[in-house]
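J.: Quick one: the structure is below, and I'll ask about it shortly.
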Amino acid sequence: MDGQTLAAWVQAIGSILAIVAVFVIFLLLHRSMLKAQEMQRRDANVNKLAVLFALAEKARTLVEKANMGVQDGFTNSREREFDSNDLRGLHEAFAHVVLHELPTANTVFAVLRLKEVTRQMPVLMQQAADDRAEYGGVSPITCVDSEDLRQAMNWAYMKLREECAAAEQSV
């Protein structure tokens, strides 16, 4: 084998090694980029869930107050403490959540339930106030409806808490 043939073989092998090196480097960079994107997605999900959970905590507090007011016929000062506008604001917040961007089906169901509870509770509070004005007390049906909304709120709250814990553990 003369020097020219040897140089051609060295050049050919070098070219093949360079192509393989570029492929390996590309593959490693691609995997690294996918991992970074996955971490960003997880962080975004954790942040979304944290915000939703904070809103759910506020809604839960308001629904508990509203339910107590309905159950005791507004005999305590809770009626003055409750502001339906806060629940309406929370309803608007839940209504503007983009459901297909939520990480799990449980989160979607929880947000839908929170949206519905925050929509119905102010209406129920007005109905209870009307019952009291008209009949001197809140009707039993209104009390049952109020308790149902409170239980629905608690379910959604618990689901979001579970989803937050699961998301934080995955990070």
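Identifiers for the structure tokens are assigned positionally: chains receive A, B, ... in sequence, residues are indexed from 1 per chain, and ligands are indexed from 1 in the order shown.
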What's the 8 Å shell around Lys159 of chain A, counting only C-alpha atoms, without same-chain residues fewer than 5 positions away, as a list in words?
T.: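 Returned residues: Asn106, Thr107 and Ala110 of chain A.
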J.: Closest to Arg119 of chain A among A:Leu87, A:Ala105, A:Ala133, A:Leu49, using only C-alpha atoms?
T.: A:Leu87
J.: Using only C-alpha atoms, determine which residues lie at most 12 Å from Glu101 of chain A, disregarding the query and same-chain residues fewer than 5 positions distant; provide the list as a count of residues only.
T.: 9
J.: If we count only C-alpha atoms and set the cut-off at 8 Å, which residues sit around segment 123-125 of chain A, ignoring sequence neighbours fewer than 3 positions away in its own chain? Please answer as a compact mmCIF listing (two decimals) with N, CA and C atoms, in the first residue's frame.
T.:
```
# COMPACT_ATOMS: atom_id res chain seq x y z
N ALA A 66 -70.40 30.80 53.57
CA ALA A 66 -71.74 30.91 52.98
C ALA A 66 -72.63 29.78 53.47
N VAL A 70 -76.14 29.99 55.59
CA VAL A 70 -77.39 29.38 55.14
C VAL A 70 -77.91 28.42 56.21
N SER A 84 -70.61 38.04 48.24
CA SER A 84 -70.83 37.22 47.04
C SER A 84 -69.95 37.65 45.88
N ARG A 119 -70.21 29.57 40.83
CA ARG A 119 -71.32 30.19 40.10
C ARG A 119 -72.63 30.04 40.88
N GLN A 120 -72.85 28.86 41.45
CA GLN A 120 -74.13 28.57 42.10
C GLN A 120 -74.26 29.15 43.51
N ALA A 128 -81.48 32.04 49.71
CA ALA A 128 -81.62 31.89 51.16
C ALA A 128 -82.07 33.21 51.79
N ALA A 129 -81.50 34.31 51.32
CA ALA A 129 -81.91 35.62 51.85
C ALA A 129 -83.37 35.90 51.50
N THR A 142 -83.03 24.65 50.38
CA THR A 142 -81.90 25.55 50.21
C THR A 142 -80.74 25.11 51.09
N ASP A 145 -79.15 22.08 49.41
CA ASP A 145 -78.38 22.52 48.24
C ASP A 145 -77.07 23.17 48.66
N SER A 146 -77.11 23.96 49.70
CA SER A 146 -75.91 24.62 50.20
C SER A 146 -74.89 23.60 50.70
```
J.: Which of these residues is nearest to Val117 of chain A, using only C-alpha atoms: A:Glu64, A:Gly136, A:Ala152, A:Leu102?
T.: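 Among the listed residues, A:Ala152 lies closest to Val117 of chain A.
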J.: Give me the residues within 12 Å of Thr61 of chain A as number ranges by chain, counting only C-alpha atoms and dropping any in the same chain fewer than 2 places off.
T.: A: 54-59, 63-68, 81-83, 86-87, 90, 118, 150, 153-154, 157
J.: Output C-alpha atoms for every residue in the selection just made, as a CSV table (one decimal), in the first residue's frame.
T.:
```csv
chain,number,residue,atom,x,y,z
A,54,ALA,CA,-54.6,28.9,46.2
A,55,LEU,CA,-57.8,29.9,44.4
A,56,ALA,CA,-59.5,26.8,45.6
A,57,GLU,CA,-58.4,27.5,49.2
A,58,LYS,CA,-60.0,31.0,49.0
A,59,ALA,CA,-63.2,29.5,47.4
A,63,VAL,CA,-68.2,28.5,50.5
A,64,GLU,CA,-67.8,27.3,54.2
A,65,LYS,CA,-68.8,30.8,55.4
A,66,ALA,CA,-71.7,30.9,53.0
A,67,ASN,CA,-72.9,27.4,53.9
A,68,MET,CA,-72.7,28.2,57.7
A,81,GLU,CA,-68.8,38.8,56.7
A,82,PHE,CA,-69.7,37.1,53.4
A,83,ASP,CA,-69.3,38.9,50.1
A,86,ASP,CA,-65.6,37.5,46.0
A,87,LEU,CA,-67.2,34.2,44.8
A,90,LEU,CA,-63.4,33.4,41.7
A,118,THR,CA,-68.6,29.5,42.6
A,150,ARG,CA,-69.9,22.7,50.2
A,153,MET,CA,-66.2,22.3,46.9
A,154,ASN,CA,-64.4,20.0,49.4
A,157,TYR,CA,-60.2,21.1,46.9
```
